[in-house]
$ cat work18.pdb   # PDB, C-alpha atoms
ATOM      1  CA  MET A 368      68.424  85.171  56.891
ATOM      2  CA  ILE A 369      69.236  86.940  60.142
ATOM      3  CA  ARG A 370      70.572  90.480  59.759
ATOM      4  CA  ILE A 371      72.265  92.322  62.605
ATOM      5  CA  GLU A 372      73.084  95.886  61.596
ATOM      6  CA  LYS A 373      75.033  98.348  63.771
ATOM      7  CA  VAL A 374      73.543  96.966  66.985
ATOM      8  CA  SER A 375      74.578  98.294  70.396
ATOM      9  CA  LYS A 376      73.478  97.605  73.966
ATOM     10  CA  ARG A 377      74.593  99.214  77.214
ATOM     11  CA  PHE A 378      73.824  98.213  80.813
ATOM     12  CA  GLU A 379      74.490 101.322  82.897
ATOM     13  CA  GLU A 380      78.293 101.796  82.659
ATOM     14  CA  ILE A 381      78.932  98.577  80.721
ATOM     15  CA  GLN A 382      78.933  98.610  76.911
ATOM     16  CA  ALA A 383      77.924  94.966  76.374
ATOM     17  CA  VAL A 384      77.545  95.143  72.570
ATOM     18  CA  ASP A 385      79.130  97.877  70.483
ATOM     19  CA  ASN A 386      78.071  98.567  66.874
ATOM     20  CA  VAL A 387      77.895  94.910  65.796
ATOM     21  CA  SER A 388      76.965  93.965  62.220
ATOM     22  CA  LEU A 389      76.608  90.309  61.165
ATOM     23  CA  THR A 390      74.694  88.343  58.531
ATOM     24  CA  ILE A 391      73.628  84.763  59.227
ATOM     25  CA  ARG A 392      72.643  82.891  56.083
ATOM     26  CA  GLU A 393      70.063  80.114  55.920
ATOM     27  CA  GLY A 394      71.233  76.514  55.883
ATOM     28  CA  ASN A 395      74.609  77.285  57.491
ATOM     29  CA  VAL A 396      75.955  76.683  60.967
ATOM     30  CA  PHE A 397      77.038  80.049  62.369
ATOM     31  CA  GLY A 398      79.525  79.945  65.247
ATOM     32  CA  LEU A 399      79.851  82.937  67.568
ATOM     33  CA  ILE A 400      83.127  82.864  69.488
ATOM     34  CA  GLY A 401      84.311  84.967  72.398
ATOM     35  CA  THR A 402      85.403  84.888  76.014
ATOM     36  CA  ASN A 403      82.993  85.349  78.903
ATOM     37  CA  GLY A 404      81.964  89.004  78.845
ATOM     38  CA  ALA A 405      82.609  89.435  75.118
ATOM     39  CA  GLY A 406      78.911  90.159  74.467
ATOM     40  CA  LYS A 407      77.789  86.796  73.007
ATOM     41  CA  SER A 408      74.863  86.157  75.347
ATOM     42  CA  THR A 409      73.626  89.747  75.171
ATOM     43  CA  LEU A 410      73.722  89.669  71.376
ATOM     44  CA  LEU A 411      71.834  86.359  71.231
ATOM     45  CA  ARG A 412      69.222  87.597  73.688
ATOM     46  CA  MET A 413      68.622  90.593  71.423
ATOM     47  CA  VAL A 414      68.387  88.318  68.365
ATOM     48  CA  ALA A 415      65.863  86.216  70.307
ATOM     49  CA  GLY A 416      63.832  89.302  71.198
ATOM     50  CA  SER A 417      64.341  88.843  74.952
ATOM     51  CA  ILE A 418      65.824  92.317  75.291
ATOM     52  CA  ARG A 419      65.749  95.322  73.008
ATOM     53  CA  GLN A 420      68.843  96.864  71.478
ATOM     54  CA  ASP A 421      69.661 100.515  72.226
ATOM     55  CA  ALA A 422      70.646 101.158  68.611
ATOM     56  CA  GLY A 423      70.688  99.354  65.281
ATOM     57  CA  GLU A 424      68.359  96.813  63.677
ATOM     58  CA  ILE A 425      67.851  93.057  64.005
ATOM     59  CA  SER A 426      65.653  91.192  61.532
ATOM     60  CA  ILE A 427      64.790  87.582  60.734
ATOM     61  CA  ASP A 428      63.705  87.017  57.142
ATOM     62  CA  GLU A 429      63.221  90.785  56.768
ATOM     63  CA  GLU A 430      60.956  90.954  59.850
ATOM     64  CA  PRO A 431      62.080  93.048  62.861
ATOM     65  CA  VAL A 432      62.500  90.773  65.858
ATOM     66  CA  PHE A 433      61.488  92.679  68.952
ATOM     67  CA  ASN A 434      57.778  92.348  69.831
ATOM     68  CA  ASN A 435      57.037  90.685  66.483
ATOM     69  CA  VAL A 436      55.192  87.369  66.809
ATOM     70  CA  LYS A 437      55.771  86.490  63.148
ATOM     71  CA  ALA A 438      59.545  86.711  63.576
ATOM     72  CA  LEU A 439      59.552  84.998  66.982
ATOM     73  CA  ARG A 440      57.851  81.917  65.508
ATOM     74  CA  GLU A 441      60.865  81.340  63.259
ATOM     75  CA  PHE A 442      63.377  80.433  65.981
ATOM     76  CA  TYR A 443      63.896  78.650  69.268
ATOM     77  CA  PHE A 444      66.347  80.099  71.798
ATOM     78  CA  ILE A 445      68.323  77.904  74.209
ATOM     79  CA  PRO A 446      70.037  80.087  76.843
ATOM     80  CA  ASP A 447      73.198  79.139  78.697
ATOM     81  CA  GLU A 448      71.080  78.139  81.692
ATOM     82  CA  PRO A 449      67.799  76.680  80.352
ATOM     83  CA  TYR A 450      64.648  77.481  82.310
ATOM     84  CA  PHE A 451      62.044  74.860  83.154
ATOM     85  CA  PHE A 452      58.871  75.209  85.221
ATOM     86  CA  ALA A 453      59.153  74.341  88.905
ATOM     87  CA  ASN A 454      58.350  70.665  89.559
ATOM     88  CA  ALA A 455      57.886  70.056  85.825
ATOM     89  CA  THR A 456      58.735  66.742  84.162
ATOM     90  CA  PRO A 457      59.666  66.193  80.493
ATOM     91  CA  VAL A 458      56.042  65.171  79.905
ATOM     92  CA  ASP A 459      54.871  68.526  81.285
ATOM     93  CA  MET A 460      57.305  70.344  79.027
ATOM     94  CA  GLU A 461      56.017  68.471  75.962
ATOM     95  CA  LYS A 462      52.437  69.507  76.754
ATOM     96  CA  TYR A 463      53.472  73.132  77.174
ATOM     97  CA  MET A 464      55.718  73.216  74.104
ATOM     98  CA  SER A 465      52.926  71.774  71.958
ATOM     99  CA  THR A 466      50.718  74.737  72.818
ATOM    100  CA  VAL A 467      53.436  77.314  72.019
ATOM    101  CA  TYR A 468      54.936  75.781  68.871
ATOM    102  CA  LEU A 469      52.225  74.598  66.518
ATOM    103  CA  ASN A 470      54.606  72.302  64.626
ATOM    104  CA  PHE A 471      56.114  70.735  67.749
ATOM    105  CA  ALA A 472      57.066  67.117  66.994
ATOM    106  CA  SER A 473      55.781  65.180  70.018
ATOM    107  CA  ALA A 474      56.563  61.669  68.779
ATOM    108  CA  PRO A 475      60.228  62.459  67.953
ATOM    109  CA  TYR A 476      60.459  64.291  71.292
ATOM    110  CA  TYR A 477      59.739  61.096  73.219
ATOM    111  CA  GLU A 478      62.042  59.118  70.926
ATOM    112  CA  TYR A 479      64.869  61.515  71.738
ATOM    113  CA  LEU A 480      64.139  61.163  75.469
ATOM    114  CA  LYS A 481      64.704  57.418  75.110
ATOM    115  CA  LYS A 482      67.889  57.864  73.069
ATOM    116  CA  PHE A 483      69.297  60.311  75.607
ATOM    117  CA  ASP A 484      68.125  58.095  78.487
ATOM    118  CA  LEU A 485      66.061  60.853  80.101
ATOM    119  CA  ASP A 486      63.181  59.726  82.336
ATOM    120  CA  ARG A 487      60.011  61.369  81.032
ATOM    121  CA  LYS A 488      58.352  61.335  84.470
ATOM    122  CA  ARG A 489      61.274  62.486  86.577
ATOM    123  CA  LYS A 490      61.288  66.070  87.882
ATOM    124  CA  ILE A 491      63.629  68.171  85.791
ATOM    125  CA  SER A 492      64.871  69.960  88.916
ATOM    126  CA  THR A 493      66.638  66.713  89.861
ATOM    127  CA  PHE A 494      68.474  66.514  86.497
ATOM    128  CA  SER A 495      72.188  67.274  86.270
ATOM    129  CA  LYS A 496      73.392  70.301  84.299
ATOM    130  CA  GLY A 497      74.214  68.087  81.332
ATOM    131  CA  MET A 498      70.804  66.407  81.423
ATOM    132  CA  LYS A 499      69.060  69.775  81.476
ATOM    133  CA  LYS A 500      71.131  70.870  78.472
ATOM    134  CA  GLN A 501      70.130  67.681  76.655
ATOM    135  CA  LEU A 502      66.438  68.267  77.385
ATOM    136  CA  ALA A 503      66.667  71.896  76.253
ATOM    137  CA  LEU A 504      68.267  70.769  72.979
ATOM    138  CA  ILE A 505      65.561  68.156  72.456
ATOM    139  CA  CYS A 506      62.887  70.824  72.991
ATOM    140  CA  GLY A 507      64.661  73.126  70.544
ATOM    141  CA  ILE A 508      65.018  70.483  67.838
ATOM    142  CA  CYS A 509      61.439  69.271  68.172
ATOM    143  CA  ALA A 510      60.027  72.812  68.071
ATOM    144  CA  ASN A 511      60.665  72.532  64.304
ATOM    145  CA  THR A 512      61.607  76.180  63.912
ATOM    146  CA  LYS A 513      63.699  77.487  61.053
ATOM    147  CA  TYR A 514      66.469  78.804  63.314
ATOM    148  CA  LEU A 515      67.900  77.314  66.511
ATOM    149  CA  ILE A 516      69.833  79.823  68.618
ATOM    150  CA  CYS A 517      72.090  78.181  71.202
ATOM    151  CA  ASP A 518      74.153  79.833  73.921
ATOM    152  CA  GLU A 519      77.038  77.591  75.078
ATOM    153  CA  THR A 520      75.307  74.505  73.645
ATOM    154  CA  PHE A 521      78.036  72.000  74.444
ATOM    155  CA  ASP A 522      78.906  73.243  77.924
ATOM    156  CA  GLY A 523      78.144  70.448  80.394
ATOM    157  CA  LEU A 524      77.888  67.696  77.771
ATOM    158  CA  ASP A 525      80.314  64.776  77.684
ATOM    159  CA  PRO A 526      82.300  64.125  74.459
ATOM    160  CA  VAL A 527      79.975  61.350  73.234
ATOM    161  CA  MET A 528      76.901  63.503  73.773
ATOM    162  CA  ARG A 529      78.546  66.431  71.985
ATOM    163  CA  GLN A 530      79.074  64.333  68.899
ATOM    164  CA  SER A 531      75.468  63.089  69.110
ATOM    165  CA  VAL A 532      74.161  66.664  69.209
ATOM    166  CA  LYS A 533      76.309  67.645  66.219
ATOM    167  CA  SER A 534      74.933  64.653  64.309
ATOM    168  CA  ILE A 535      71.348  65.657  65.155
ATOM    169  CA  PHE A 536      72.019  69.196  63.926
ATOM    170  CA  ALA A 537      73.420  67.841  60.665
ATOM    171  CA  ASN A 538      70.415  65.572  60.120
ATOM    172  CA  HIS A 539      67.887  68.346  60.672
ATOM    173  CA  MET A 540      69.837  70.719  58.438
ATOM    174  CA  GLU A 541      69.628  68.168  55.655
ATOM    175  CA  GLN A 542      66.020  67.130  56.267
ATOM    176  CA  ARG A 543      64.320  70.477  56.862
ATOM    177  CA  GLY A 544      66.876  73.243  56.375
ATOM    178  CA  LEU A 545      67.551  74.024  60.031
ATOM    179  CA  THR A 546      69.959  76.925  60.638
ATOM    180  CA  PRO A 547      71.818  76.597  63.978
ATOM    181  CA  VAL A 548      73.457  79.650  65.557
ATOM    182  CA  ILE A 549      75.875  78.479  68.225
ATOM    183  CA  ALA A 550      77.736  80.681  70.712
ATOM    184  CA  SER A 551      80.740  79.294  72.554
ATOM    185  CA  HIS A 552      83.908  80.386  74.300
ATOM    186  CA  ASN A 553      85.614  77.245  72.990
ATOM    187  CA  LEU A 554      86.816  77.463  69.413
ATOM    188  CA  ARG A 555      87.729  73.785  69.268
ATOM    189  CA  GLU A 556      84.106  72.734  69.835
ATOM    190  CA  LEU A 557      82.909  74.470  66.676
ATOM    191  CA  GLU A 558      85.662  73.612  64.228
ATOM    192  CA  ASP A 559      84.036  70.509  62.721
ATOM    193  CA  ILE A 560      80.488  71.848  62.479
ATOM    194  CA  CYS A 561      80.537  75.559  61.554
ATOM    195  CA  ASP A 562      80.326  77.071  58.074
ATOM    196  CA  HIS A 563      80.876  80.657  59.230
ATOM    197  CA  VAL A 564      82.552  81.944  62.387
ATOM    198  CA  GLY A 565      82.386  85.349  64.045
ATOM    199  CA  LEU A 566      84.706  86.457  66.838
ATOM    200  CA  LEU A 567      83.448  88.950  69.422
ATOM    201  CA  HIS A 568      85.805  90.873  71.675
ATOM    202  CA  LYS A 569      84.768  93.547  74.164
ATOM    203  CA  GLY A 570      81.344  93.848  72.544
ATOM    204  CA  GLY A 571      82.575  94.306  68.977
ATOM    205  CA  VAL A 572      83.187  92.064  65.971
ATOM    206  CA  LEU A 573      86.887  91.313  65.617
ATOM    207  CA  LEU A 574      86.508  88.852  62.741
ATOM    208  CA  SER A 575      83.674  87.302  60.701
ATOM    209  CA  LYS A 576      84.507  84.923  57.852
ATOM    210  CA  ASP A 577      83.461  81.742  56.071
ATOM    211  CA  LEU A 578      85.404  78.838  57.489
ATOM    212  CA  LEU A 579      86.060  77.266  54.068
ATOM    213  CA  ASP A 580      87.457  80.543  52.719
ATOM    214  CA  MET A 581      89.765  80.866  55.700
ATOM    215  CA  LYS A 582      91.032  77.308  55.364
ATOM    216  CA  CYS A 583      91.582  77.601  51.614
ATOM    217  CA  ASN A 584      93.400  80.931  51.733
ATOM    218  CA  ILE A 585      95.850  80.406  54.589
ATOM    219  CA  GLN A 586      98.554  77.722  54.522
ATOM    220  CA  LYS A 587     101.019  76.341  57.034
ATOM    221  CA  ILE A 588     104.469  75.625  55.586
ATOM    222  CA  GLN A 589     107.415  73.758  57.051
ATOM    223  CA  CYS A 590     110.711  74.021  55.208
ATOM    224  CA  VAL A 591     114.489  74.023  55.392
ATOM    225  CA  PHE A 592     116.377  76.227  52.920
ATOM    226  CA  THR A 593     119.698  75.362  51.284
ATOM    227  CA  THR A 594     121.156  78.873  51.690
ATOM    228  CA  PRO A 595     120.263  82.224  53.294
ATOM    229  CA  GLU A 596     119.808  83.620  49.754
ATOM    230  CA  GLU A 597     117.089  81.040  48.958
ATOM    231  CA  GLU A 598     115.474  81.846  52.288
ATOM    232  CA  GLU A 599     115.264  85.559  51.446
ATOM    233  CA  ARG A 600     113.947  84.814  47.953
ATOM    234  CA  ALA A 601     111.130  82.710  49.380
ATOM    235  CA  PHE A 602     110.185  85.322  51.961
ATOM    236  CA  ARG A 603     109.942  88.054  49.315
ATOM    237  CA  SER A 604     107.358  86.011  47.381
ATOM    238  CA  LEU A 605     105.119  85.182  50.351
ATOM    239  CA  ASP A 606     102.413  87.120  52.234
ATOM    240  CA  ILE A 607     103.595  85.957  55.656
ATOM    241  CA  LEU A 608     101.333  86.114  58.709
ATOM    242  CA  GLN A 609     103.564  84.195  61.112
ATOM    243  CA  LYS A 610     107.135  82.902  60.985
ATOM    244  CA  GLU A 611     108.969  80.735  63.503
ATOM    245  CA  LYS A 612     112.412  79.139  63.307
ATOM    246  CA  ARG A 613     113.707  76.208  65.329
ATOM    247  CA  GLY A 614     117.199  75.234  64.330
ATOM    248  CA  SER A 615     117.134  75.238  60.527
ATOM    249  CA  LEU A 616     113.409  74.386  60.303
ATOM    250  CA  TYR A 617     111.015  77.231  59.494
ATOM    251  CA  THR A 618     107.284  77.030  60.271
ATOM    252  CA  ILE A 619     105.485  79.705  58.257
ATOM    253  CA  THR A 620     101.840  80.712  58.058
ATOM    254  CA  ALA A 621     101.124  82.574  54.806
ATOM    255  CA  ARG A 622      98.154  83.761  52.756
ATOM    256  CA  GLY A 623      97.392  82.027  49.479
ATOM    257  CA  SER A 624      95.950  78.812  48.109
ATOM    258  CA  ARG A 625      97.860  75.558  48.397
ATOM    259  CA  GLU A 626      98.557  75.672  44.647
ATOM    260  CA  GLU A 627      99.955  79.219  44.870
ATOM    261  CA  ILE A 628     102.266  78.332  47.748
ATOM    262  CA  VAL A 629     103.535  75.167  46.056
ATOM    263  CA  GLY A 630     104.129  77.139  42.847
ATOM    264  CA  ARG A 631     106.196  79.786  44.632
ATOM    265  CA  PHE A 632     108.353  77.211  46.386
ATOM    266  CA  ALA A 633     108.942  75.406  43.073
ATOM    267  CA  CYS A 634     111.298  78.292  42.259
ATOM    268  CA  VAL A 635     113.152  78.047  45.593
ATOM    269  CA  ASP A 636     115.876  75.562  46.457
ATOM    270  CA  THR A 637     115.002  73.725  49.692
ATOM    271  CA  VAL A 638     116.283  70.716  51.603
ATOM    272  CA  PHE A 639     112.784  70.022  52.914
ATOM    273  CA  PHE A 640     109.355  71.470  52.119
ATOM    274  CA  GLU A 641     105.716  70.559  52.897
ATOM    275  CA  VAL A 642     102.328  72.272  53.198
ATOM    276  CA  LEU A 643     100.275  71.209  56.229
ATOM    277  CA  PRO A 644      96.559  71.667  57.057
ATOM    278  CA  LEU A 645      95.739  74.314  59.664
ATOM    279  CA  SER A 646      93.275  73.997  62.495
ATOM    280  CA  LEU A 647      90.658  76.710  62.961
ATOM    281  CA  GLU A 648      92.528  77.703  66.100
ATOM    282  CA  GLU A 649      95.723  78.323  64.133
ATOM    283  CA  ILE A 650      93.843  80.314  61.479
ATOM    284  CA  PHE A 651      92.259  82.585  64.084
ATOM    285  CA  ILE A 652      95.584  83.119  65.816
ATOM    286  CA  SER A 653      97.151  84.180  62.520
ATOM    287  CA  GLU A 654      94.291  86.457  61.438
ATOM    288  CA  THR A 655      93.922  88.256  64.744
ATOM    289  CA  GLU A 656      97.625  88.689  65.460
ATOM    290  CA  VAL A 657      97.891  90.584  62.169
ATOM    291  CA  ALA A 658      95.153  92.880  63.499
ATOM    292  CA  GLY A 659      97.175  93.423  66.669
ATOM    293  CA  TYR A 660      95.351  91.053  69.029
ATOM    294  CA  ASP A 661      96.637  88.047  70.939
ATOM    295  CA  VAL A 662      93.740  85.662  70.264
ATOM    296  CA  LYS A 663      95.296  82.995  72.486
ATOM    297  CA  LYS A 664      94.418  85.189  75.461
ATOM    298  CA  LEU A 665      90.958  85.931  74.050
ATOM    299  CA  ILE A 666      89.547  82.488  73.188
ATOM    300  CA  LEU A 667      92.035  79.736  73.901
ATOM    301  CA  SER A 668      92.580  80.076  77.630
TER     302      SER A 668
END

$ encode --input "work18.pdb" --output "C-alpha cells"
Amino acid sequence: MIRIEKVSKRFEEIQAVDNVSLTIREGNVFGLIGTNGAGKSTLLRMVAGSIRQDAGEISIDEEPVFNNVKALREFYFIPDEPYFFANATPVDMEKYMSTVYLNFASAPYYEYLKKFDLDRKRKISTFSKGMKKQLALICGICANTKYLICDETFDGLDPVMRQSVKSIFANHMEQRGLTPVIASHNLRELEDICDHVGLLHKGGVLLSKDLLDMKCNIQKIQCVFTTPEEEERAFRSLDILQKEKRGSLYTITARGSREEIVGRFACVDTVFFEVLPLSLEEIFISETEVAGYDVKKLILS
C-alpha cells in the first residue's frame, strides 16, 4: 500500500502540491487525473523518491520512500518523457536494467520487443515518441516490481497500442499482483481500467473515490412527466445533482442506487422513464459541480 499523508511541495513562488492525502491499495489500478500544472508529475516524482516533499509523509508498504533502498526496490517509475542513455539500444537497456532490478525478466523483455515491433539493435534516440513510450513500458513491466508508477502512460500511443498496454497491465495484475498508478490529463483514457480515481486541481485533491462506488451511487434518468404536480413530487424524492430540460424531456443526474431510483419513480406518474448508465466523465462533472467547480474546464478540454 502507498500512503500519501498531508504532502506539500513548493518551487520558489509556485505551490505545486498542497496538503495532499491519498491511499493507493494493492492490486488496484489507481488513476490520477488533472490538467497540466495540477501537480500530478510533482506528486509522482515524490512518490518515486526523485524529489523530497517539503511537508508530510510518503510510504510504500510502511517504508518511507525518500533515500530508502528497500522502498525504492518495490516500484518502477516511468516519467512523462522517459530517459535512455545516449546512443543506447534496447539491448543495452536490458543489460543495464538486469543489473539494477534483480528480478528483471530478460526473456519476456525480448518477446515484448518483437510484439511491439521494436528493433533491439536500433539506437533509441532514433525512435519516435510513441516507440520510446512503448520501450519504457516494456522496461517497467519486465522490472517485475510490485508497483508501476506511470506519468501520462498513453500519451503518444495509438489506439491499438493503448489497448495492448491495458491488456498487459491486466495480465500482470492477475499473474503477479501488479499495482499500476497512472497519471493522465485525459479522463476518458482511464475509464475502462481504473478501480480508484483521484482528481488533482491546483495542487490539491478535489476528489478521490472508488470508481465502482461512484457508478453504483449516481444514476442518469430521462423522463417525461404527465403533469407539473407529478414533476414536483418526483423532484422532492430525489437527491438531484444535475437537471436539464429540453421540451418536455428531463435529463436528471441523481444520487442513489438504480433500485432506489426505480422505486421512487414507481410512485410517480410518467409518460416516459428510463435509467441510463453514466460515463466516468459524467460522474466527475456531477460530483465536482456540486463542490462548485466546472470540471469540464479542468479535465475535459

$ atom_distance --input "work18.pdb" --atom1 "atom CA of A:Val384" --atom2 "atom CA of A:Glu429"
21.8 Å

$ residues_around --input "work18.pdb" --residues "stretch 511-519 of chain A" --least-positions-apart "4" --cutoff "9 Å" --atoms "all atoms listed in the file" --output "PDB file with C-alpha atoms, in the coordinates of the input"
ATOM      1  CA  GLU A 393      70.063  80.114  55.920  1.00  0.00           C
ATOM      2  CA  LYS A 407      77.789  86.796  73.007  1.00  0.00           C
ATOM      3  CA  SER A 408      74.863  86.157  75.347  1.00  0.00           C
ATOM      4  CA  LEU A 411      71.834  86.359  71.231  1.00  0.00           C
ATOM      5  CA  VAL A 414      68.387  88.318  68.365  1.00  0.00           C
ATOM      6  CA  ALA A 415      65.863  86.216  70.307  1.00  0.00           C
ATOM      7  CA  ARG A 440      57.851  81.917  65.508  1.00  0.00           C
ATOM      8  CA  GLU A 441      60.865  81.340  63.259  1.00  0.00           C
ATOM      9  CA  PHE A 442      63.377  80.433  65.981  1.00  0.00           C
ATOM     10  CA  TYR A 443      63.896  78.650  69.268  1.00  0.00           C
ATOM     11  CA  PHE A 444      66.347  80.099  71.798  1.00  0.00           C
ATOM     12  CA  ILE A 445      68.323  77.904  74.209  1.00  0.00           C
ATOM     13  CA  PRO A 446      70.037  80.087  76.843  1.00  0.00           C
ATOM     14  CA  ASP A 447      73.198  79.139  78.697  1.00  0.00           C
ATOM     15  CA  GLU A 448      71.080  78.139  81.692  1.00  0.00           C
ATOM     16  CA  TYR A 468      54.936  75.781  68.871  1.00  0.00           C
ATOM     17  CA  LEU A 469      52.225  74.598  66.518  1.00  0.00           C
ATOM     18  CA  ASN A 470      54.606  72.302  64.626  1.00  0.00           C
ATOM     19  CA  PHE A 471      56.114  70.735  67.749  1.00  0.00           C
ATOM     20  CA  ALA A 472      57.066  67.117  66.994  1.00  0.00           C
ATOM     21  CA  LEU A 504      68.267  70.769  72.979  1.00  0.00           C
ATOM     22  CA  GLY A 507      64.661  73.126  70.544  1.00  0.00           C
ATOM     23  CA  GLY A 523      78.144  70.448  80.394  1.00  0.00           C
ATOM     24  CA  ARG A 543      64.320  70.477  56.862  1.00  0.00           C
ATOM     25  CA  GLY A 544      66.876  73.243  56.375  1.00  0.00           C
ATOM     26  CA  LEU A 545      67.551  74.024  60.031  1.00  0.00           C
ATOM     27  CA  THR A 546      69.959  76.925  60.638  1.00  0.00           C
ATOM     28  CA  PRO A 547      71.818  76.597  63.978  1.00  0.00           C
ATOM     29  CA  VAL A 548      73.457  79.650  65.557  1.00  0.00           C
ATOM     30  CA  ILE A 549      75.875  78.479  68.225  1.00  0.00           C
ATOM     31  CA  ALA A 550      77.736  80.681  70.712  1.00  0.00           C
ATOM     32  CA  SER A 551      80.740  79.294  72.554  1.00  0.00           C
ATOM     33  CA  HIS A 552      83.908  80.386  74.300  1.00  0.00           C
ATOM     34  CA  ASN A 553      85.614  77.245  72.990  1.00  0.00           C
TER      35      ASN A 553
END

$ residues_around --input "work18.pdb" --residues "A:Leu567" --least-positions-apart "5" --cutoff "7 Å" --atoms "all atoms listed in the file" --output "list in words"
Ile400, Gly401, Ala405, Gly406, Val572 and Leu573 of chain A

$ atom_distance --input "work18.pdb" --atom1 "atom CA of A:Ala453" --atom2 "atom CA of A:Tyr476"
20.3 Å

$ residues_around --input "work18.pdb" --residues "A:Thr390" --least-positions-apart "2" --cutoff "7 Å" --atoms "all atoms listed in the file" --output "list in words"
Ile369, Arg370, Ile371 and Arg392 of chain A

$ resolve_selection --input "work18.pdb" --expression "the PyMOL selection byres ((chain A and resi 562) around 8)" --output "list in words"
Asn395, Val396, Phe397, Gly398, Ile560, Cys561, His563, Val564, Asp577, Leu578 and Leu579 of chain A

$ write_last_selection --input "work18.pdb" --atoms "C-alpha atoms" --output "PDB file, keeping the file's coordinate frame"
ATOM      1  CA  ASN A 395      74.609  77.285  57.491  1.00  0.00           C
ATOM      2  CA  VAL A 396      75.955  76.683  60.967  1.00  0.00           C
ATOM      3  CA  PHE A 397      77.038  80.049  62.369  1.00  0.00           C
ATOM      4  CA  GLY A 398      79.525  79.945  65.247  1.00  0.00           C
ATOM      5  CA  ILE A 560      80.488  71.848  62.479  1.00  0.00           C
ATOM      6  CA  CYS A 561      80.537  75.559  61.554  1.00  0.00           C
ATOM      7  CA  HIS A 563      80.876  80.657  59.230  1.00  0.00           C
ATOM      8  CA  VAL A 564      82.552  81.944  62.387  1.00  0.00           C
ATOM      9  CA  ASP A 577      83.461  81.742  56.071  1.00  0.00           C
ATOM     10  CA  LEU A 578      85.404  78.838  57.489  1.00  0.00           C
ATOM     11  CA  LEU A 579      86.060  77.266  54.068  1.00  0.00           C
TER      12      LEU A 579
END

$ axis_aligned_box --input "work18.pdb" --around "stretch 584-597 of chain A" --padding-each-side "3 Å" --output "AutoDock Vina command-line options"
--center_x 107.3 --center_y 78.7 --center_z 53.0 --size_x 33.8 --size_y 15.9 --size_z 14.1

$ residues_around --input "work18.pdb" --residues "stretch 642-656 of chain A" --least-positions-apart "5" --cutoff "8 Å" --atoms "only C-alpha atoms" --output "ChimeraX atom specification"
/A:554-555,558,573-574,578,581-582,585-589,608-609,620,625,629,661-663

$ resolve_selection --input "work18.pdb" --expression "the PyMOL selection byres ((chain A and resi 592) around 8)" --output "list in words"
Cys590, Val591, Thr593, Thr594, Pro595, Glu597, Glu598, Ser615, Asp636, Thr637, Val638 and Phe639 of chain A

$ closest_residue --input "work18.pdb" --among "A:Lys500, A:Pro457, A:Lys376, A:Lys437" --to "A:Ile418" --atoms "only C-alpha atoms"
A:Lys376

$ resolve_selection --input "work18.pdb" --expression "the PyMOL selection byres ((chain A and resi 372) around 8)" --output "VMD selection string"
chain A and resid 370 to 371 373 to 374 386 to 389 423 to 425

$ atom_distance --input "work18.pdb" --atom1 "atom CA of A:Gln542" --atom2 "atom CA of A:Pro475"
13.9 Å

$ closest_residue --input "work18.pdb" --among "A:Phe602, A:Ile508, A:Asp525, A:Lys496" --to "A:Ala537" --atoms "only C-alpha atoms"
A:Ile508

$ residues_around --input "work18.pdb" --residues "A:Glu627" --least-positions-apart "4" --cutoff "10 Å" --atoms "only C-alpha atoms" --output "ChimeraX atom specification"
/A:584,586,605,622-623,631-633

$ write_last_selection --input "work18.pdb" --atoms "C-alpha atoms" --output "CSV table (one decimal), in the frame of the given file"
chain,number,residue,atom,x,y,z
A,584,ASN,CA,93.4,80.9,51.7
A,586,GLN,CA,98.6,77.7,54.5
A,605,LEU,CA,105.1,85.2,50.4
A,622,ARG,CA,98.2,83.8,52.8
A,623,GLY,CA,97.4,82.0,49.5
A,631,ARG,CA,106.2,79.8,44.6
A,632,PHE,CA,108.4,77.2,46.4
A,633,ALA,CA,108.9,75.4,43.1

$ closest_residue --input "work18.pdb" --among "A:Ala510, A:Val532, A:Ile628, A:Met413" --to "A:Ser473" --atoms "only C-alpha atoms"
A:Ala510

$ build_atoms --input "work18.pdb" --residues "stretch 526-535 of chain A" --atoms "N, CA and C atoms" --output "short mmCIF file (atom, residue, chain, number, x, y, z; two decimals), keeping the file's coordinate frame"
data_model
loop_
_atom_site.label_atom_id
_atom_site.label_comp_id
_atom_site.auth_asym_id
_atom_site.auth_seq_id
_atom_site.Cartn_x
_atom_site.Cartn_y
_atom_site.Cartn_z
N PRO A 526 81.88 64.19 75.86
CA PRO A 526 82.30 64.12 74.46
C PRO A 526 81.38 63.31 73.56
N VAL A 527 80.87 62.18 74.05
CA VAL A 527 79.97 61.35 73.23
C VAL A 527 78.68 62.09 72.94
N MET A 528 78.15 62.77 73.95
CA MET A 528 76.90 63.50 73.77
C MET A 528 77.10 64.69 72.83
N ARG A 529 78.26 65.31 72.89
CA ARG A 529 78.55 66.43 71.98
C ARG A 529 78.50 65.98 70.53
N GLN A 530 79.10 64.85 70.26
CA GLN A 530 79.07 64.33 68.90
C GLN A 530 77.66 63.97 68.47
N SER A 531 76.87 63.43 69.41
CA SER A 531 75.47 63.09 69.11
C SER A 531 74.67 64.34 68.73
N VAL A 532 74.88 65.42 69.49
CA VAL A 532 74.16 66.66 69.21
C VAL A 532 74.56 67.21 67.84
N LYS A 533 75.85 67.18 67.53
CA LYS A 533 76.31 67.64 66.22
C LYS A 533 75.68 66.83 65.10
N SER A 534 75.55 65.53 65.31
CA SER A 534 74.93 64.65 64.31
C SER A 534 73.46 64.99 64.13
N ILE A 535 72.77 65.28 65.23
CA ILE A 535 71.35 65.66 65.16
C ILE A 535 71.19 66.96 64.38
#
